[in-house]
Amino acid sequence: SSRPRVKGEFVVAMGLAESKNIEQLRSRMSIPQMLSAGMKNHRFPKPMAKLAADLRERLDSNASSEFIRELMAACQIEFESLLSSLEVDGLDVPQAMASQHRLVNLMAFIGHLFRLRAVRGNSIIHCLLNALLGWDQERSRWQGQPQEFEVNCACALLSAVGSAYACNTRGSRVYLARLKSIKTARSWSEATQQEIDALIHTWAQEWTP
């Protein structure tokens with residue numbers, strides 16, 4: 001049987017990742033293209049993040065900083081846009097599912113950027129987890145229960161950042177406690193329940209220093 005066709009953006013990215021020509025890297029795949037490709041399929045966030053990290057390392061310091069600022073600004077715009085789209089009344093199921101999948105892949109993409117040290121500092125991870133898991137900034141406490149897709153996004157983000165975040169970040173255990181609380185707060189789909197269980201187990205067994 002023939003191998004399944006690989007998306008064009010993935011082929012371009014893999015070719016560019018081997019390129020030694022920095023201008024080719026910058027011109028052949030723009031930030032919007034990189035981000036769009038990273039969100040299309042669950043297999044793409046990690047290699048697209050690797051491409052971004054490689055590009056960051058090969059740029060001079062000023063261009064590197066500008067590239068990451070632009071990339072994270074694009075991620076923020078996409079994150080807010082997708083969340084807003086999921087709040088629209090009457091959104092049909094296929095549209096909602098597509099937006100949710102893109103959001104999960106976006107979280108994985110950002111998580112891999114962090115793990116590869118293309119994004120430095122923990123604040124972006126804190127902000128995303130607070131938004132997804134329901135942190136009330138004014139009252140300094142968790143508020144209500146997140147929606148299932150938000151839990152999926154948080155799990156994707158935490159799975160991607162892995163021990164680089166869990167072992168080395170003060171306060172990261174707050175999110176582990178939140179996941180444990182969420183796990184028993186309501187009945188989730190079997191897939192989501194397994195995802196939460198697997199993350200809690202990995203955190204306890206492999207990410208605890």
# chains A, B, ... in the order shown; residues from 1 in each chain; ligands from 1
>>> residues_around(residues="range 178-190 of chain A", least_positions_apart="2", cutoff="12 Å", atoms="only C-alpha atoms", output="NGL selection string")
:A and (129-130 or 132-135 or 141-152 or 154-155 or 158 or 171-176 or 192-201 or 203-204)
>>> write_last_selection(atoms="C-alpha atoms", output="PDB file, in the first residue's frame")
ATOM      1  CA  LEU A 129      -2.705  27.529  32.215  1.00  0.00           C
ATOM      2  CA  ASN A 130      -4.473  30.165  34.311  1.00  0.00           C
ATOM      3  CA  LEU A 132      -7.462  27.437  30.498  1.00  0.00           C
ATOM      4  CA  LEU A 133      -8.007  26.084  34.007  1.00  0.00           C
ATOM      5  CA  GLY A 134     -10.008  29.002  35.382  1.00  0.00           C
ATOM      6  CA  TRP A 135      -7.815  31.113  37.653  1.00  0.00           C
ATOM      7  CA  ARG A 141      -8.546  31.388  43.457  1.00  0.00           C
ATOM      8  CA  TRP A 142      -9.793  28.835  40.967  1.00  0.00           C
ATOM      9  CA  GLN A 143     -13.239  29.629  39.645  1.00  0.00           C
ATOM     10  CA  GLY A 144     -15.738  26.980  38.528  1.00  0.00           C
ATOM     11  CA  GLN A 145     -14.826  24.172  36.158  1.00  0.00           C
ATOM     12  CA  PRO A 146     -13.193  24.511  32.739  1.00  0.00           C
ATOM     13  CA  GLN A 147     -14.783  23.151  29.602  1.00  0.00           C
ATOM     14  CA  GLU A 148     -13.525  19.837  28.299  1.00  0.00           C
ATOM     15  CA  PHE A 149     -11.589  21.331  25.380  1.00  0.00           C
ATOM     16  CA  GLU A 150      -9.822  23.654  27.840  1.00  0.00           C
ATOM     17  CA  VAL A 151      -8.712  20.638  29.879  1.00  0.00           C
ATOM     18  CA  ASN A 152      -7.481  18.992  26.670  1.00  0.00           C
ATOM     19  CA  ALA A 154      -3.967  22.323  29.338  1.00  0.00           C
ATOM     20  CA  CYS A 155      -2.947  18.665  29.132  1.00  0.00           C
ATOM     21  CA  LEU A 158       1.792  20.418  30.102  1.00  0.00           C
ATOM     22  CA  GLY A 171       4.333  26.999  41.636  1.00  0.00           C
ATOM     23  CA  SER A 172       3.979  24.378  38.909  1.00  0.00           C
ATOM     24  CA  ARG A 173       2.461  21.957  41.428  1.00  0.00           C
ATOM     25  CA  VAL A 174      -0.516  24.291  41.732  1.00  0.00           C
ATOM     26  CA  TYR A 175      -1.547  23.097  38.298  1.00  0.00           C
ATOM     27  CA  LEU A 176      -1.043  19.456  39.229  1.00  0.00           C
ATOM     28  CA  THR A 192     -10.112  13.111  28.440  1.00  0.00           C
ATOM     29  CA  GLN A 193     -10.139  11.070  31.656  1.00  0.00           C
ATOM     30  CA  GLN A 194      -7.311   8.922  30.314  1.00  0.00           C
ATOM     31  CA  GLU A 195      -5.391  12.035  29.277  1.00  0.00           C
ATOM     32  CA  ILE A 196      -5.677  13.537  32.773  1.00  0.00           C
ATOM     33  CA  ASP A 197      -4.727  10.236  34.424  1.00  0.00           C
ATOM     34  CA  ALA A 198      -1.696   9.772  32.177  1.00  0.00           C
ATOM     35  CA  LEU A 199      -0.449  13.296  32.842  1.00  0.00           C
ATOM     36  CA  ILE A 200      -0.875  12.995  36.616  1.00  0.00           C
ATOM     37  CA  HIS A 201       0.930   9.639  36.573  1.00  0.00           C
ATOM     38  CA  TRP A 203       4.140  14.016  36.681  1.00  0.00           C
ATOM     39  CA  ALA A 204       4.282  11.894  39.829  1.00  0.00           C
TER      40      ALA A 204
END
>>> select_by_dssp(residues="range 26-185 of chain A", states="helix (DSSP H, G or I)", output="ChimeraX atom specification")
/A:26-28,31-40,45-58,61-85,93-115,123-133,148-161,163-166,172-185
>>> atom_distance(atom1="CA of Leu83 in chain A", atom2="CA of Ala37 in chain A")
18.8 Å
>>> residues_around(residues="Phe67 in chain A", least_positions_apart="4", cutoff="10 Å", atoms="only C-alpha atoms", output="ChimeraX atom specification")
/A:26,31,52,55-56,59,61-63,71-73
>>> closest_residue(among="A:Glu70, A:Arg58, A:Met39, A:Phe44", to="Leu82 in chain A", atoms="only C-alpha atoms")
A:Met39
>>> atom_distance(atom1="CA of Cys153 in chain A", atom2="CA of Leu128 in chain A")
9.3 Å
>>> closest_residue(among="A:Ala160, A:Ser30, A:Ser81, A:Cys127", to="Arg115 in chain A", atoms="only C-alpha atoms")
A:Ala160
>>> closest_residue(among="A:Val161, A:Ser65, A:Arg139, A:Pro47", to="Phe114 in chain A", atoms="only C-alpha atoms")
A:Val161
>>> select_by_dssp(residues="range 80-189 of chain A", states="strand (DSSP E or B)", output="ChimeraX atom specification")
/A:135-136,141-142
>>> write_last_selection(atoms="all heavy atoms", output="mmCIF file, in the first residue's frame")
data_model
loop_
_atom_site.group_PDB
_atom_site.id
_atom_site.type_symbol
_atom_site.label_atom_id
_atom_site.label_comp_id
_atom_site.auth_asym_id
_atom_site.auth_seq_id
_atom_site.Cartn_x
_atom_site.Cartn_y
_atom_site.Cartn_z
ATOM 1 N N TRP A 135 -8.322 30.334 36.526
ATOM 2 C CA TRP A 135 -7.815 31.113 37.653
ATOM 3 C C TRP A 135 -8.455 32.489 37.665
ATOM 4 O O TRP A 135 -8.412 33.207 36.669
ATOM 5 C CB TRP A 135 -6.301 31.236 37.581
ATOM 6 C CG TRP A 135 -5.698 32.039 38.701
ATOM 7 C CD1 TRP A 135 -5.198 33.295 38.644
ATOM 8 C CD2 TRP A 135 -5.556 31.619 40.070
ATOM 9 N NE1 TRP A 135 -4.738 33.689 39.882
ATOM 10 C CE2 TRP A 135 -4.941 32.683 40.775
ATOM 11 C CE3 TRP A 135 -5.888 30.446 40.757
ATOM 12 C CZ2 TRP A 135 -4.652 32.605 42.130
ATOM 13 C CZ3 TRP A 135 -5.594 30.376 42.111
ATOM 14 C CH2 TRP A 135 -4.980 31.432 42.780
ATOM 15 N N ASP A 136 -9.053 32.855 38.791
ATOM 16 C CA ASP A 136 -9.665 34.171 38.972
ATOM 17 C C ASP A 136 -8.609 35.095 39.584
ATOM 18 O O ASP A 136 -8.297 34.991 40.768
ATOM 19 C CB ASP A 136 -10.888 34.060 39.889
ATOM 20 C CG ASP A 136 -11.670 35.364 39.986
ATOM 21 O OD1 ASP A 136 -11.053 36.443 39.897
ATOM 22 O OD2 ASP A 136 -12.900 35.315 40.154
ATOM 23 N N ARG A 141 -8.094 32.766 43.233
ATOM 24 C CA ARG A 141 -8.546 31.388 43.457
ATOM 25 C C ARG A 141 -9.078 30.820 42.142
ATOM 26 O O ARG A 141 -9.366 31.546 41.198
ATOM 27 C CB ARG A 141 -9.634 31.341 44.520
ATOM 28 C CG ARG A 141 -10.964 31.971 44.088
ATOM 29 C CD ARG A 141 -11.976 31.947 45.205
ATOM 30 N NE ARG A 141 -13.287 32.409 44.744
ATOM 31 C CZ ARG A 141 -14.322 32.632 45.533
ATOM 32 N NH1 ARG A 141 -14.196 32.446 46.847
ATOM 33 N NH2 ARG A 141 -15.471 33.036 45.036
ATOM 34 N N TRP A 142 -9.201 29.484 42.124
ATOM 35 C CA TRP A 142 -9.793 28.835 40.967
ATOM 36 C C TRP A 142 -11.297 29.074 40.958
ATOM 37 O O TRP A 142 -11.934 29.037 42.007
ATOM 38 C CB TRP A 142 -9.501 27.335 40.976
ATOM 39 C CG TRP A 142 -8.043 27.002 40.872
ATOM 40 C CD1 TRP A 142 -7.256 26.469 41.841
ATOM 41 C CD2 TRP A 142 -7.205 27.189 39.735
ATOM 42 N NE1 TRP A 142 -5.976 26.320 41.390
ATOM 43 C CE2 TRP A 142 -5.906 26.746 40.093
ATOM 44 C CE3 TRP A 142 -7.412 27.697 38.445
ATOM 45 C CZ2 TRP A 142 -4.835 26.789 39.210
ATOM 46 C CZ3 TRP A 142 -6.339 27.732 37.572
ATOM 47 C CH2 TRP A 142 -5.081 27.288 37.950
#
>>> closest_residue(among="A:His112, A:Ile77, A:Gln100, A:Glu87", to="Met48 in chain A", atoms="only C-alpha atoms")
A:His112
>>> atom_distance(atom1="CA of Asn41 in chain A", atom2="CA of Met97 in chain A")
12.9 Å
>>> closest_residue(among="A:Ser36, A:Ser85, A:Gln137, A:Ser163", to="Ser99 in chain A", atoms="only C-alpha atoms")
A:Ser85
>>> closest_residue(among="A:Arg69, A:Arg102, A:Lys50, A:Arg43", to="Leu116 in chain A", atoms="only C-alpha atoms")
A:Lys50
